[in-house]
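Working notes, beginning with the structure itself.
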Amino acid sequence: MITVLQRVSQAKVEVLGKIVGEIGLGILVLVAVERQDTERQAERMAKRLLGYRVFADPQGKMNLSVIDVGGGVLLVPQFTLAADTRKGLRPSFTPAAEPATGKRLFEYLVEAVRRRYPKIATGHFGADMQVHLTNAGPVTFILRATPDE
């Protein structure tokens, strides 16, 4: 499982002109499910996302998590993160999970986060989404949860 975590001052997702998910201060997380992923990777990722320290403490150091600051979490499915781009000029999506598996594990991740923290919003799996955000910092991290963890 691959995620791109961005610290934001605000973010929202629109589908067909309607806002389907929105947060203020918090983290926007783009999520890709790979073929070998299982619920184990989703559980590990949920813990990492909520515990990852990307917000400044009073001394200005990144020592606080989204939970510590009471921020929101916006999870957005984005299978293109799993693309193989090592050769050629067109991405291969072979590493990405099949759509049914991707949707199931994305929804599992959403519930795993929600069990731990209530301030969560999401995009829609498989939809053409418009994602709007103000990246605070900018602060962006790529996180992976692999089968061997």
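Going by the structure tokens order, chains are called A, B, ..., each with residues numbered from 1, while ligands are numbered from 1 in the order shown.
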| query | When DSSP works through the backbone of this structure, what residues of region 7-139 of chain A end up as alpha helix (DSSP H), shown as JSON, numbers by chain? | reply | {"A": [39, 40, 41, 42, 43, 44, 45, 46, 47, 48, 49, 50, 51, 66, 67, 68, 69, 99, 100, 101, 102, 103, 104, 105, 106, 107, 108, 109, 110, 111, 112, 113, 114, 115, 116]}
Name all residues at most 9 Å from region 97-109 of chain A (count only C-alpha atoms; drop same-chain ones fewer than 4 positions away) and give them as a PyMOL selection string.
chain A and resi 31-39+41-43+45-46+75-77+79+82+93+113-114+125-126
Exercise for the section: One decimal, Å: what's the distance from CA of Val73 (chain A) over to CA of Thr122 (chain A), could you say? Expected result: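 Taking CA of Val73 (chain A) as the start and CA of Thr122 (chain A) as the end point, the length is 8.2 Å.
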Quiz item: Smallest atom-to-atom distance to Ile27 (chain A): which of A:Val8, A:Leu89, A:Leu64, A:Leu133, using only C-alpha atoms?
Solution: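 Looking only at the distances to Ile27 (chain A), the closest residue turns out to be A:Val8.
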For this session: Work out how far CA of Val54 (chain A) is from CA of Val66 (chain A), in Å to one decimal.
Result: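 Interatomic distance here is 7.6 Å.
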Please extract the residues of chain A with a backbone DSSP assignment of strand (DSSP E or B) and present them as an mmCIF file with N, CA and C atoms, in the first residue's frame.
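And here's part_35.cif as it stands now:
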data_model
loop_
_atom_site.group_PDB
_atom_site.id
_atom_site.type_symbol
_atom_site.label_atom_id
_atom_site.label_comp_id
_atom_site.auth_asym_id
_atom_site.auth_seq_id
_atom_site.Cartn_x
_atom_site.Cartn_y
_atom_site.Cartn_z
ATOM 1 N N ILE A 2 0.557 2.148 -0.863
ATOM 2 C CA ILE A 2 1.311 3.391 -0.990
ATOM 3 C C ILE A 2 0.387 4.546 -0.645
ATOM 4 N N THR A 3 0.899 5.480 0.157
ATOM 5 C CA THR A 3 0.140 6.696 0.417
ATOM 6 C C THR A 3 1.037 7.907 0.242
ATOM 7 N N VAL A 4 0.420 8.996 -0.141
ATOM 8 C CA VAL A 4 1.073 10.298 -0.142
ATOM 9 C C VAL A 4 0.316 11.132 0.876
ATOM 10 N N LEU A 5 0.991 11.478 1.966
ATOM 11 C CA LEU A 5 0.408 12.239 3.056
ATOM 12 C C LEU A 5 0.832 13.696 2.894
ATOM 13 N N GLN A 6 -0.139 14.590 2.871
ATOM 14 C CA GLN A 6 0.150 16.014 2.768
ATOM 15 C C GLN A 6 -0.487 16.747 3.944
ATOM 16 N N ARG A 7 0.309 17.562 4.618
ATOM 17 C CA ARG A 7 -0.228 18.402 5.695
ATOM 18 C C ARG A 7 -0.945 19.566 5.022
ATOM 19 N N VAL A 8 -2.196 19.788 5.392
ATOM 20 C CA VAL A 8 -2.990 20.818 4.726
ATOM 21 C C VAL A 8 -3.640 21.757 5.737
ATOM 22 N N SER A 9 -3.892 22.974 5.268
ATOM 23 C CA SER A 9 -4.706 23.894 6.069
ATOM 24 C C SER A 9 -6.174 23.724 5.705
ATOM 25 N N GLN A 10 -6.425 23.175 4.517
ATOM 26 C CA GLN A 10 -7.775 22.812 4.095
ATOM 27 C C GLN A 10 -7.678 21.927 2.871
ATOM 28 N N ALA A 11 -8.696 21.070 2.681
ATOM 29 C CA ALA A 11 -8.762 20.213 1.490
ATOM 30 C C ALA A 11 -10.193 19.762 1.275
ATOM 31 N N LYS A 12 -10.539 19.535 0.017
ATOM 32 C CA LYS A 12 -11.863 19.008 -0.299
ATOM 33 C C LYS A 12 -11.800 18.216 -1.590
ATOM 34 N N VAL A 13 -12.781 17.329 -1.748
ATOM 35 C CA VAL A 13 -12.913 16.509 -2.946
ATOM 36 C C VAL A 13 -14.310 16.743 -3.512
ATOM 37 N N GLU A 14 -14.357 16.978 -4.827
ATOM 38 C CA GLU A 14 -15.635 17.148 -5.514
ATOM 39 C C GLU A 14 -15.814 16.021 -6.527
ATOM 40 N N VAL A 15 -17.053 15.570 -6.657
ATOM 41 C CA VAL A 15 -17.440 14.614 -7.691
ATOM 42 C C VAL A 15 -18.678 15.198 -8.367
ATOM 43 N N LYS A 18 -20.153 18.324 -6.809
ATOM 44 C CA LYS A 18 -20.607 18.285 -5.419
ATOM 45 C C LYS A 18 -19.448 17.917 -4.499
ATOM 46 N N ILE A 19 -19.339 18.621 -3.376
ATOM 47 C CA ILE A 19 -18.311 18.286 -2.392
ATOM 48 C C ILE A 19 -18.719 16.990 -1.695
ATOM 49 N N VAL A 20 -17.827 15.981 -1.762
ATOM 50 C CA VAL A 20 -18.108 14.685 -1.132
ATOM 51 C C VAL A 20 -17.273 14.458 0.115
ATOM 52 N N GLY A 21 -16.216 15.245 0.288
ATOM 53 C CA GLY A 21 -15.359 15.148 1.459
ATOM 54 C C GLY A 21 -14.620 16.450 1.655
ATOM 55 N N GLU A 22 -14.518 16.906 2.904
ATOM 56 C CA GLU A 22 -13.878 18.193 3.160
ATOM 57 C C GLU A 22 -13.329 18.222 4.576
ATOM 58 N N ILE A 23 -12.137 18.817 4.736
ATOM 59 C CA ILE A 23 -11.541 19.015 6.051
ATOM 60 C C ILE A 23 -10.912 20.406 6.115
ATOM 61 N N GLY A 26 -5.404 19.536 8.754
ATOM 62 C CA GLY A 26 -5.277 18.091 8.882
ATOM 63 C C GLY A 26 -4.371 17.501 7.841
ATOM 64 N N ILE A 27 -4.691 16.266 7.424
ATOM 65 C CA ILE A 27 -3.882 15.587 6.416
ATOM 66 C C ILE A 27 -4.770 15.089 5.280
ATOM 67 N N LEU A 28 -4.313 15.346 4.083
ATOM 68 C CA LEU A 28 -4.904 14.766 2.880
ATOM 69 C C LEU A 28 -4.025 13.583 2.530
ATOM 70 N N VAL A 29 -4.643 12.422 2.327
ATOM 71 C CA VAL A 29 -3.884 11.212 2.048
ATOM 72 C C VAL A 29 -4.394 10.583 0.757
ATOM 73 N N LEU A 30 -3.515 10.520 -0.252
ATOM 74 C CA LEU A 30 -3.804 9.808 -1.489
ATOM 75 C C LEU A 30 -3.400 8.359 -1.262
ATOM 76 N N VAL A 31 -4.258 7.407 -1.667
ATOM 77 C CA VAL A 31 -4.067 5.996 -1.320
ATOM 78 C C VAL A 31 -4.085 5.111 -2.562
ATOM 79 N N ALA A 32 -3.055 4.276 -2.701
ATOM 80 C CA ALA A 32 -3.020 3.272 -3.769
ATOM 81 C C ALA A 32 -2.878 1.893 -3.146
ATOM 82 N N GLU A 34 -1.879 -1.986 -3.836
ATOM 83 C CA GLU A 34 -1.124 -2.811 -4.771
ATOM 84 C C GLU A 34 -1.620 -4.263 -4.706
ATOM 85 N N PHE A 55 3.011 17.862 12.357
ATOM 86 C CA PHE A 55 2.612 19.192 12.822
ATOM 87 C C PHE A 55 3.601 19.687 13.864
ATOM 88 N N ALA A 56 3.810 20.991 13.884
ATOM 89 C CA ALA A 56 4.809 21.596 14.765
ATOM 90 C C ALA A 56 4.325 21.663 16.210
ATOM 91 N N MET A 62 8.505 19.192 14.167
ATOM 92 C CA MET A 62 7.416 18.299 13.773
ATOM 93 C C MET A 62 7.329 17.143 14.754
ATOM 94 N N ASN A 63 6.580 17.350 15.831
ATOM 95 C CA ASN A 63 6.434 16.351 16.884
ATOM 96 C C ASN A 63 4.995 15.974 17.163
ATOM 97 N N LEU A 64 4.041 16.559 16.430
ATOM 98 C CA LEU A 64 2.634 16.313 16.714
ATOM 99 C C LEU A 64 1.947 15.616 15.547
ATOM 100 N N GLY A 72 -8.353 17.032 10.744
ATOM 101 C CA GLY A 72 -9.136 16.098 9.960
ATOM 102 C C GLY A 72 -8.256 15.211 9.100
ATOM 103 N N VAL A 73 -8.828 14.118 8.637
ATOM 104 C CA VAL A 73 -8.150 13.184 7.734
ATOM 105 C C VAL A 73 -9.043 13.026 6.502
ATOM 106 N N LEU A 74 -8.494 13.332 5.341
ATOM 107 C CA LEU A 74 -9.217 13.158 4.083
ATOM 108 C C LEU A 74 -8.498 12.088 3.281
ATOM 109 N N LEU A 75 -9.131 10.923 3.124
ATOM 110 C CA LEU A 75 -8.561 9.803 2.385
ATOM 111 C C LEU A 75 -9.137 9.778 0.975
ATOM 112 N N VAL A 76 -8.244 9.763 -0.015
ATOM 113 C CA VAL A 76 -8.653 9.808 -1.416
ATOM 114 C C VAL A 76 -8.010 8.651 -2.163
ATOM 115 N N PRO A 77 -8.811 7.759 -2.763
ATOM 116 C CA PRO A 77 -8.222 6.662 -3.532
ATOM 117 C C PRO A 77 -7.564 7.191 -4.803
ATOM 118 N N ASP A 84 3.872 1.534 -12.521
ATOM 119 C CA ASP A 84 5.282 1.259 -12.790
ATOM 120 C C ASP A 84 5.709 2.242 -13.876
ATOM 121 N N SER A 92 2.599 1.742 -16.565
ATOM 122 C CA SER A 92 1.966 0.428 -16.507
ATOM 123 C C SER A 92 1.265 0.327 -15.157
ATOM 124 N N ALA A 96 -0.883 -2.262 -9.610
ATOM 125 C CA ALA A 96 -2.094 -1.865 -8.884
ATOM 126 C C ALA A 96 -3.025 -3.066 -8.693
ATOM 127 N N ILE A 120 -12.892 12.026 9.920
ATOM 128 C CA ILE A 120 -12.447 11.477 8.652
ATOM 129 C C ILE A 120 -13.459 11.786 7.555
ATOM 130 N N ALA A 121 -12.924 12.076 6.383
ATOM 131 C CA ALA A 121 -13.724 12.278 5.175
ATOM 132 C C ALA A 121 -13.033 11.498 4.070
ATOM 133 N N THR A 122 -13.764 11.228 2.978
ATOM 134 C CA THR A 122 -13.173 10.439 1.899
ATOM 135 C C THR A 122 -13.610 10.953 0.534
ATOM 136 N N MET A 129 -12.564 12.578 -9.693
ATOM 137 C CA MET A 129 -12.600 13.514 -8.574
ATOM 138 C C MET A 129 -11.763 14.749 -8.864
ATOM 139 N N GLN A 130 -12.212 15.852 -8.322
ATOM 140 C CA GLN A 130 -11.441 17.084 -8.325
ATOM 141 C C GLN A 130 -10.993 17.302 -6.888
ATOM 142 N N VAL A 131 -9.674 17.311 -6.670
ATOM 143 C CA VAL A 131 -9.131 17.446 -5.326
ATOM 144 C C VAL A 131 -8.535 18.846 -5.193
ATOM 145 N N HIS A 132 -8.999 19.575 -4.192
ATOM 146 C CA HIS A 132 -8.525 20.934 -3.922
ATOM 147 C C HIS A 132 -7.848 20.924 -2.555
ATOM 148 N N LEU A 133 -6.685 21.542 -2.469
ATOM 149 C CA LEU A 133 -5.999 21.574 -1.185
ATOM 150 C C LEU A 133 -5.081 22.768 -1.084
ATOM 151 N N THR A 134 -4.808 23.134 0.156
ATOM 152 C CA THR A 134 -3.753 24.083 0.456
ATOM 153 C C THR A 134 -2.742 23.324 1.290
ATOM 154 N N ASN A 135 -1.612 22.975 0.650
ATOM 155 C CA ASN A 135 -0.568 22.218 1.322
ATOM 156 C C ASN A 135 0.161 23.173 2.253
ATOM 157 N N ALA A 136 0.159 22.875 3.528
ATOM 158 C CA ALA A 136 0.768 23.735 4.537
ATOM 159 C C ALA A 136 2.232 23.375 4.704
ATOM 160 N N GLY A 137 3.099 24.246 4.272
ATOM 161 C CA GLY A 137 4.537 24.031 4.420
ATOM 162 C C GLY A 137 5.332 24.386 3.194
ATOM 163 N N PRO A 138 5.278 23.663 2.134
ATOM 164 C CA PRO A 138 4.577 22.392 1.939
ATOM 165 C C PRO A 138 5.251 21.250 2.705
ATOM 166 N N VAL A 139 4.413 20.343 3.175
ATOM 167 C CA VAL A 139 4.884 19.145 3.855
ATOM 168 C C VAL A 139 4.204 17.950 3.191
ATOM 169 N N THR A 140 5.008 17.073 2.587
ATOM 170 C CA THR A 140 4.491 15.904 1.876
ATOM 171 C C THR A 140 5.409 14.719 2.123
ATOM 172 N N PHE A 141 4.811 13.561 2.437
ATOM 173 C CA PHE A 141 5.583 12.342 2.660
ATOM 174 C C PHE A 141 4.952 11.179 1.909
ATOM 175 N N ILE A 142 5.791 10.286 1.403
ATOM 176 C CA ILE A 142 5.333 9.044 0.793
ATOM 177 C C ILE A 142 5.537 7.941 1.831
ATOM 178 N N LEU A 143 4.457 7.227 2.156
ATOM 179 C CA LEU A 143 4.527 6.137 3.118
ATOM 180 C C LEU A 143 4.138 4.847 2.418
ATOM 181 N N ARG A 144 4.807 3.766 2.788
ATOM 182 C CA ARG A 144 4.493 2.445 2.230
ATOM 183 C C ARG A 144 4.287 1.460 3.361
#
